[in-house]
Amino acid sequence: MLCVNGNIPILGGCEDGNTSDKPINNTLLIRLSRCMARYGLKPGAFLYIADCAMVTEDNLQVIGANLFVTRLPFTYNEACRVVSEAIAEDKWERIGLLNQTPATVKRPATRYSVTEKKVTLYGQEYRAVVVHSTAHDKRRLKRINREIQQSEKKLRKGLCDELKREYFCRSDAEATASNLMDTHTNDLHQIEISVTDKVRYKRGRPRKNKTKKIASVRYLLNARIVEKSKEIPTVLGFSR
């Protein structure tokens with residue numbers, strides 16, 4: 001459905017639910033441009049607002065010099081680049097609150113900040129606005145923490161059986177520890193494993209000025225899961 005100011009529909013149609021939005025945008029843009037030209041309206045006479053499905057090489061060629069607002073999907077490297085630059089530069093223009101409904105304690109109002117960049121798509125330069133949202137910050141942080149916790153939990157589960165084992169030979173324990181540190185790791189965590197002695201003494205009190213006699217020595221693995229603090233921002237796509 002195509003709408004104008006006040007969400008007044010001026011054009012609509014039915015499409016198969018499996019139809020991609022990308023060709024629909026293309027068809028609509030061609031019809032719209034022809035209609036405007038028929039009434040003597042030159043490029044730039046209207047503002048086309050669409051979701052990220054509008055961003056394709058064909059659609060950008062069709063829209064030509066007409067103005068448009070859309071969201072650049074992160075399947076484009078340019079989107080990742082400008083967001084990373086905006087975070088690194090930290091030069092935001094604060095635009096504050098945009099909510100029309102009153103904020104509550106449980107649902108505080110979201111505050112927005114923006115910064116302007118430029119992106120190049122298919123040889124053409126476009127204006128890009130990076131938007132920072134405090135609400136998105138909270139959601140993003142929760143997701144990041146959840147992924148880190150799930151990563152650690154998975155590693156602990158994989159190590160559970162190995163940490164219960166007792167080894168008769170220190171070299172065997174050290175070899176297993178080395179293998180686990182190489183294999184039981186991921187993009188977010190690394191494992192540090194040490195070998196400790198578990199000594200069993202013979203029964204009875206030792207003679208005066210004598211130490212207890214050792215009955216046997218076993219070797220255990222102690223593991224510590226450590227976050228890869230330098231790699232986590234890159235892997236999860238954020239900057240601290």
# chains A, B, ... in the order shown; residues from 1 in each chain; ligands from 1
call {"tool": "residues_around", "arguments": {"residues": "segment 130-134 of chain A", "least_positions_apart": "2", "cutoff": "8 Å", "atoms": "only C-alpha atoms", "output": "list of chain:residue names"}}
result
A:Val82, A:Val83, A:Ala86, A:Thr110, A:Arg111, A:Tyr112, A:Ser113, A:Val114, A:Thr115, A:Glu116, A:Lys117, A:Ala128, A:His136, A:Asp137, A:Lys138
call {"tool": "write_last_selection", "arguments": {"atoms": "C-alpha atoms", "output": "PDB file, in the first residue's frame"}}
result
ATOM      1  CA  VAL A  82      29.622   3.950   9.488  1.00  0.00           C
ATOM      2  CA  VAL A  83      28.252   2.536  12.755  1.00  0.00           C
ATOM      3  CA  ALA A  86      30.230   6.756  14.749  1.00  0.00           C
ATOM      4  CA  THR A 110      13.975   6.335  25.054  1.00  0.00           C
ATOM      5  CA  ARG A 111      16.492   9.038  24.232  1.00  0.00           C
ATOM      6  CA  TYR A 112      17.974   9.359  20.775  1.00  0.00           C
ATOM      7  CA  SER A 113      21.186  10.753  19.349  1.00  0.00           C
ATOM      8  CA  VAL A 114      22.290  10.982  15.739  1.00  0.00           C
ATOM      9  CA  THR A 115      25.386  11.577  13.676  1.00  0.00           C
ATOM     10  CA  GLU A 116      25.718  12.060   9.946  1.00  0.00           C
ATOM     11  CA  LYS A 117      27.902  10.000   7.638  1.00  0.00           C
ATOM     12  CA  ALA A 128      23.545   8.224   6.035  1.00  0.00           C
ATOM     13  CA  HIS A 136      18.499  -0.406  21.971  1.00  0.00           C
ATOM     14  CA  ASP A 137      21.547  -0.142  24.231  1.00  0.00           C
ATOM     15  CA  LYS A 138      19.740  -2.014  26.984  1.00  0.00           C
TER      16      LYS A 138
END
call {"tool": "select_by_dssp", "arguments": {"residues": "chain A", "states": "strand (DSSP E or B)", "output": "JSON, numbers by chain"}}
result
{"A": [2, 3, 4, 8, 9, 10, 11, 47, 48, 49, 67, 68, 69, 93, 94, 95, 96, 97, 111, 112, 113, 114, 115, 116, 117, 118, 119, 120, 121, 124, 125, 126, 127, 128, 129, 130, 131, 132, 133, 167, 189, 190, 191, 192, 193, 194, 195, 196, 197, 198, 199, 200, 201, 214, 215, 216, 217, 218, 219, 220, 221, 222, 223, 224, 225, 226, 227]}
call {"tool": "residues_around", "arguments": {"residues": "segment 220-228 of chain A", "least_positions_apart": "6", "cutoff": "9 Å", "atoms": "only C-alpha atoms", "output": "PyMOL selection string"}}
result
chain A and resi 148+152+155-156+159+162-167+170+173-174+176-177+187-198
call {"tool": "residues_around", "arguments": {"residues": "segment 37-45 of chain A", "least_positions_apart": "5", "cutoff": "8 Å", "atoms": "only C-alpha atoms", "output": "list of chain:residue names"}}
result
A:Gly64, A:Ala65, A:Asn66, A:Leu67
call {"tool": "residues_around", "arguments": {"residues": "Pro23 of chain A", "least_positions_apart": "2", "cutoff": "12 Å", "atoms": "only C-alpha atoms", "output": "PyMOL selection string"}}
result
chain A and resi 15+18-21+25-30+53-60+62
